[in-house]
Amino acid sequence: MLRYDSRMAARETLALIDRLMLEMIAQQESKVLAMARAIHPGLTSEDIRNPNDFADLMASGEWNFEDGILSGLKSAHIAIRAKLLESIR
């Protein structure tokens with residue numbers, strides 16, 4: 001279990017990690033959307049939340065790989081945030 005000398009240090013760490021993860025997620029979201037639009041022009045960020053509706057997206061191994069990275073970043077962000085919040089309590 002993570003331990004901190006003060007709650008302030010934990011909050012500062014959380015804020016730093018949170019910003020970094022959000023930046024990484026935003027960058028990957030942009031990449032995934034750009035790739036999706038190259039495969040299927042006109043798609044929106046809402047459209048790619050349901051890629052099963054677009055056979056051409058589902059057929060792209062490269063797009064699915066990058067979308068998986070995005071999912072992993074989001075999962076890691078939530079897990080790290082939960083662990084750090086747990087350590088503040």
# chains A, B, ... in the order shown; residues from 1 in each chain; ligands from 1

$ select_by_dssp --residues "chain A" --states "helix (DSSP H, G or I)" --output "ChimeraX atom specification"
/A:7-39,47-49,51-53,55-58,61-88

$ residues_around --residues "Leu22 of chain A" --least-positions-apart "2" --cutoff "12 Å" --atoms "only C-alpha atoms" --output "tab-separated table (two decimals) with N, CA and C atoms, in the first residue's frame"
chain	number	residue	atom	x	y	z
A	14	LEU	N	-1.46	13.11	-6.97
A	14	LEU	CA	-2.68	12.76	-7.70
A	14	LEU	C	-2.93	13.76	-8.82
A	15	ALA	N	-2.80	15.03	-8.53
A	15	ALA	CA	-3.05	16.06	-9.54
A	15	ALA	C	-2.06	15.93	-10.70
A	16	LEU	N	-0.81	15.67	-10.40
A	16	LEU	CA	0.20	15.52	-11.44
A	16	LEU	C	-0.07	14.30	-12.32
A	17	ILE	N	-0.33	13.17	-11.69
A	17	ILE	CA	-0.61	11.94	-12.44
A	17	ILE	C	-1.91	12.09	-13.24
A	18	ASP	N	-2.90	12.71	-12.63
A	18	ASP	CA	-4.18	12.92	-13.30
A	18	ASP	C	-3.99	13.74	-14.57
A	19	ARG	N	-3.25	14.83	-14.48
A	19	ARG	CA	-2.99	15.68	-15.66
A	19	ARG	C	-2.24	14.91	-16.74
A	20	LEU	N	-1.22	14.16	-16.34
A	20	LEU	CA	-0.44	13.39	-17.29
A	20	LEU	C	-1.31	12.35	-18.00
A	24	MET	N	-2.30	12.09	-22.00
A	24	MET	CA	-2.04	10.88	-22.80
A	24	MET	C	-3.33	10.36	-23.42
A	25	ILE	N	-4.41	10.39	-22.66
A	25	ILE	CA	-5.70	9.93	-23.16
A	25	ILE	C	-6.18	10.82	-24.30
A	26	ALA	N	-6.07	12.14	-24.13
A	26	ALA	CA	-6.50	13.08	-25.18
A	26	ALA	C	-5.71	12.86	-26.46
A	27	GLN	N	-4.41	12.66	-26.33
A	27	GLN	CA	-3.56	12.42	-27.50
A	27	GLN	C	-3.98	11.13	-28.21
A	28	GLN	N	-4.23	10.08	-27.45
A	28	GLN	CA	-4.63	8.81	-28.05
A	28	GLN	C	-6.03	8.90	-28.65
A	29	GLU	N	-6.93	9.64	-28.02
A	29	GLU	CA	-8.27	9.84	-28.58
A	29	GLU	C	-8.19	10.52	-29.94
A	70	LEU	N	-6.04	3.00	-26.17
A	70	LEU	CA	-6.87	4.03	-25.55
A	70	LEU	C	-7.65	3.45	-24.37
A	73	LEU	N	-5.27	2.95	-21.46
A	73	LEU	CA	-4.92	4.21	-20.79
A	73	LEU	C	-6.05	4.66	-19.86
A	74	LYS	N	-7.28	4.55	-20.34
A	74	LYS	CA	-8.42	4.94	-19.50
A	74	LYS	C	-8.51	4.05	-18.27
A	75	SER	N	-8.31	2.76	-18.44
A	75	SER	CA	-8.37	1.83	-17.30
A	75	SER	C	-7.24	2.13	-16.31
A	76	ALA	N	-6.05	2.37	-16.81
A	76	ALA	CA	-4.91	2.68	-15.93
A	76	ALA	C	-5.16	3.97	-15.17
A	77	HIS	N	-5.73	4.96	-15.83
A	77	HIS	CA	-6.03	6.23	-15.18
A	77	HIS	C	-6.98	6.02	-14.00
A	78	ILE	N	-8.02	5.27	-14.21
A	78	ILE	CA	-8.99	5.02	-13.15
A	78	ILE	C	-8.35	4.23	-12.00
A	81	ARG	N	-5.85	6.43	-10.06
A	81	ARG	CA	-6.60	7.42	-9.28
A	81	ARG	C	-7.23	6.79	-8.05

$ atom_distance --atom1 "atom CA of Leu84 of chain A" --atom2 "atom CA of Ser71 of chain A"
20.1 Å

$ decode --residues "segment 51-70 of chain A" --atoms "C-alpha atoms" --output "mmCIF file, in the first residue's frame"
data_model
loop_
_atom_site.group_PDB
_atom_site.id
_atom_site.type_symbol
_atom_site.label_atom_id
_atom_site.label_comp_id
_atom_site.auth_asym_id
_atom_site.auth_seq_id
_atom_site.Cartn_x
_atom_site.Cartn_y
_atom_site.Cartn_z
ATOM 1 C CA PRO A 51 -17.215 0.554 -33.596
ATOM 2 C CA ASN A 52 -19.323 -2.558 -34.174
ATOM 3 C CA ASP A 53 -21.623 -0.338 -36.237
ATOM 4 C CA PHE A 54 -18.812 0.176 -38.777
ATOM 5 C CA ALA A 55 -17.536 -3.003 -40.403
ATOM 6 C CA ASP A 56 -14.590 -1.182 -42.000
ATOM 7 C CA LEU A 57 -13.349 -0.112 -38.549
ATOM 8 C CA MET A 58 -13.755 -3.586 -37.128
ATOM 9 C CA ALA A 59 -11.781 -4.982 -40.058
ATOM 10 C CA SER A 60 -8.793 -2.734 -39.337
ATOM 11 C CA GLY A 61 -6.315 -4.469 -37.048
ATOM 12 C CA GLU A 62 -4.266 -1.280 -36.740
ATOM 13 C CA TRP A 63 -7.293 0.773 -35.660
ATOM 14 C CA ASN A 64 -8.380 -1.887 -33.163
ATOM 15 C CA PHE A 65 -4.865 -1.969 -31.704
ATOM 16 C CA GLU A 66 -4.815 1.811 -31.168
ATOM 17 C CA ASP A 67 -8.349 1.745 -29.757
ATOM 18 C CA GLY A 68 -7.187 -0.950 -27.324
ATOM 19 C CA ILE A 69 -4.327 1.285 -26.208
ATOM 20 C CA LEU A 70 -6.875 4.027 -25.546
#
